[in-house]
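Presented below is the structure to which this report refers.
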Amino acid sequence: MERAIERIMYASRWILAPVYLGMSVALLAISVKFFQEIIHFVPHILEMDEANLTLKLLTLIDLTLVGSLVIIVMFSGYENFVSQMDIGLSTEKLDWLGTHDYGSLKIKLASSIVAISSIHLLKVFMNIQATDNDKILWYVAVHLTLVISALLMGFLDKISKHHD
């Protein structure tokens, strides 16, 4: 009975496979938004002042970071929790594929989220006159919470690896 339960539990990891495949759809949505921003952005590039140009570029960078985050979650999650990817020798393989454990995946995610939050906060500061002071305070508080959380996760990961 125990063996049957363990086999069912182990096989249930495949329930996650369609979820990781669904992340491809999310990546496609991010790509559509990226190119939609470029299409709106490029025709007006000569008319834009430096601040608006920077804001548009930050939006593109933000979308790129979110897309990269989706890739990290999709591939690392699949490899860590479902199955190793069987990529042929003739296929180009990402160097980091198969090298991230759950701890390093958490650190990468936290770092990416902090970077995305930093870009969002910079966008808010570049357009500070259009944002209420109480909202700015909340943006900063949330960002600092994310930074502190990422630092604590990194510290705890370092401590746990040091004691192993």
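Note on naming: chains are A, B, ... as they come in the structure tokens, residues start from 1 per chain, ligands start from 1 in the order shown.
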Could you give me, as number ranges by chain, the residues within 9 Å of segment 65-69 of chain A, counting only C-alpha atoms and dropping anything in the same chain fewer than 6 positions from it?
-> A: 26-28, 30-31, 108-109, 112-113, 115-116
Residues at most 9 Å from Thr59 of chain A, counting only C-alpha atoms, excluding those fewer than 4 positions away in the same chain, as a PyMOL selection string?
-> chain A and resi 34+37+54-55+63-64+119-120+123
If you run DSSP on this backbone, which residues of segment 1-162 of chain A come out as helix (DSSP H, G or I), and could you give them as a PyMOL selection string?
-> chain A and resi 2-44+50-81+102-126+128-130+133-162
May I ask which of the residues A:Trp14, A:Phe125, A:Tyr139, A:Phe155 is the closest one to Gln84 of chain A, counting only C-alpha atoms?
-> A:Trp14
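With distances restricted to only C-alpha atoms, A:Ser24 is the closest residue to Ile72 of chain A from A:Leu144, A:Met48, A:Ile15, A:Ser24.
Taking atom CA of Ser117 of chain A as the reference point, atom CA of Val142 of chain A is found at 8.6 Å.
Going from atom CA of Val140 of chain A to atom CA of Leu121 of chain A covers 7.2 Å.
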Long-range neighbours of Leu105 of chain A as an MDAnalysis selection string, 10 Å cut-off, only C-alpha atoms, 6 positions minimum in chain | chainID A and resid 72:73 76:77 80 99 111
Written file, previous selection with N, CA, C and O atoms, as an mmCIF file, in the first residue's frame:
data_model
loop_
_atom_site.group_PDB
_atom_site.id
_atom_site.type_symbol
_atom_site.label_atom_id
_atom_site.label_comp_id
_atom_site.auth_asym_id
_atom_site.auth_seq_id
_atom_site.Cartn_x
_atom_site.Cartn_y
_atom_site.Cartn_z
ATOM 1 N N ILE A 72 13.011 31.415 -16.643
ATOM 2 C CA ILE A 72 13.687 30.788 -15.499
ATOM 3 C C ILE A 72 12.729 29.866 -14.753
ATOM 4 O O ILE A 72 13.060 28.717 -14.438
ATOM 5 N N VAL A 73 11.526 30.357 -14.484
ATOM 6 C CA VAL A 73 10.538 29.545 -13.764
ATOM 7 C C VAL A 73 10.141 28.327 -14.587
ATOM 8 O O VAL A 73 10.066 27.208 -14.069
ATOM 9 N N SER A 76 13.549 25.910 -15.086
ATOM 10 C CA SER A 76 14.078 25.409 -13.816
ATOM 11 C C SER A 76 13.016 24.632 -13.050
ATOM 12 O O SER A 76 13.310 23.596 -12.456
ATOM 13 N N GLY A 77 11.797 25.148 -13.049
ATOM 14 C CA GLY A 77 10.721 24.446 -12.353
ATOM 15 C C GLY A 77 10.470 23.078 -12.966
ATOM 16 O O GLY A 77 10.313 22.087 -12.248
ATOM 17 N N ASN A 80 13.406 20.807 -12.059
ATOM 18 C CA ASN A 80 13.488 20.482 -10.633
ATOM 19 C C ASN A 80 12.339 19.621 -10.143
ATOM 20 O O ASN A 80 12.516 18.801 -9.246
ATOM 21 N N THR A 99 21.291 23.211 -13.685
ATOM 22 C CA THR A 99 22.269 23.547 -12.648
ATOM 23 C C THR A 99 21.651 24.260 -11.458
ATOM 24 O O THR A 99 22.329 24.500 -10.478
ATOM 25 N N SER A 111 15.707 37.966 -6.910
ATOM 26 C CA SER A 111 16.531 38.998 -7.539
ATOM 27 C C SER A 111 15.818 39.622 -8.732
ATOM 28 O O SER A 111 15.849 40.845 -8.922
#
Got a sec: who's within 10 Å of Leu151 of chain A, counting only C-alpha atoms, leaving out chain neighbours fewer than 5 positions off, as a ChimeraX atom specification?
-> /A:107,110-111,145-146,156-157
Restrict the selected residues to N, CA and C atoms and save them as a PDB file, in the first residue's frame.
ATOM      1  N   ILE A 107      16.431  32.317  -5.167  1.00  0.00           N
ATOM      2  CA  ILE A 107      17.284  33.513  -5.159  1.00  0.00           C
ATOM      3  C   ILE A 107      17.178  34.239  -6.496  1.00  0.00           C
ATOM      4  N   ALA A 110      13.777  35.956  -6.617  1.00  0.00           N
ATOM      5  CA  ALA A 110      13.745  37.123  -5.740  1.00  0.00           C
ATOM      6  C   ALA A 110      14.549  38.274  -6.348  1.00  0.00           C
ATOM      7  N   SER A 111      15.707  37.966  -6.910  1.00  0.00           N
ATOM      8  CA  SER A 111      16.531  38.998  -7.539  1.00  0.00           C
ATOM      9  C   SER A 111      15.818  39.622  -8.732  1.00  0.00           C
ATOM     10  N   THR A 145      10.459  46.109   1.163  1.00  0.00           N
ATOM     11  CA  THR A 145      10.069  44.794   1.661  1.00  0.00           C
ATOM     12  C   THR A 145      10.605  43.696   0.748  1.00  0.00           C
ATOM     13  N   LEU A 146      10.487  43.906  -0.571  1.00  0.00           N
ATOM     14  CA  LEU A 146      11.008  42.921  -1.526  1.00  0.00           C
ATOM     15  C   LEU A 146      12.527  42.806  -1.431  1.00  0.00           C
ATOM     16  N   LEU A 156      19.805  33.305   4.298  1.00  0.00           N
ATOM     17  CA  LEU A 156      19.397  31.992   4.799  1.00  0.00           C
ATOM     18  C   LEU A 156      19.894  30.867   3.909  1.00  0.00           C
ATOM     19  N   ASP A 157      19.892  31.089   2.589  1.00  0.00           N
ATOM     20  CA  ASP A 157      20.404  30.077   1.670  1.00  0.00           C
ATOM     21  C   ASP A 157      21.899  29.860   1.895  1.00  0.00           C
TER      22      ASP A 157
END
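Distances here use only C-alpha atoms; by that measure, the residue among A:Lys135, A:Asn127, A:Lys56, A:Ala29 closest to Phe41 of chain A is A:Lys56.
Coordinates place atom CA of Tyr78 of chain A at a distance of 9.9 Å from atom CA of Pro18 of chain A.
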Between A:Met153, A:Leu53, A:Met23, A:Val114, single out the one closest to Met74 of chain A, counting only C-alpha atoms.
-> A:Met23
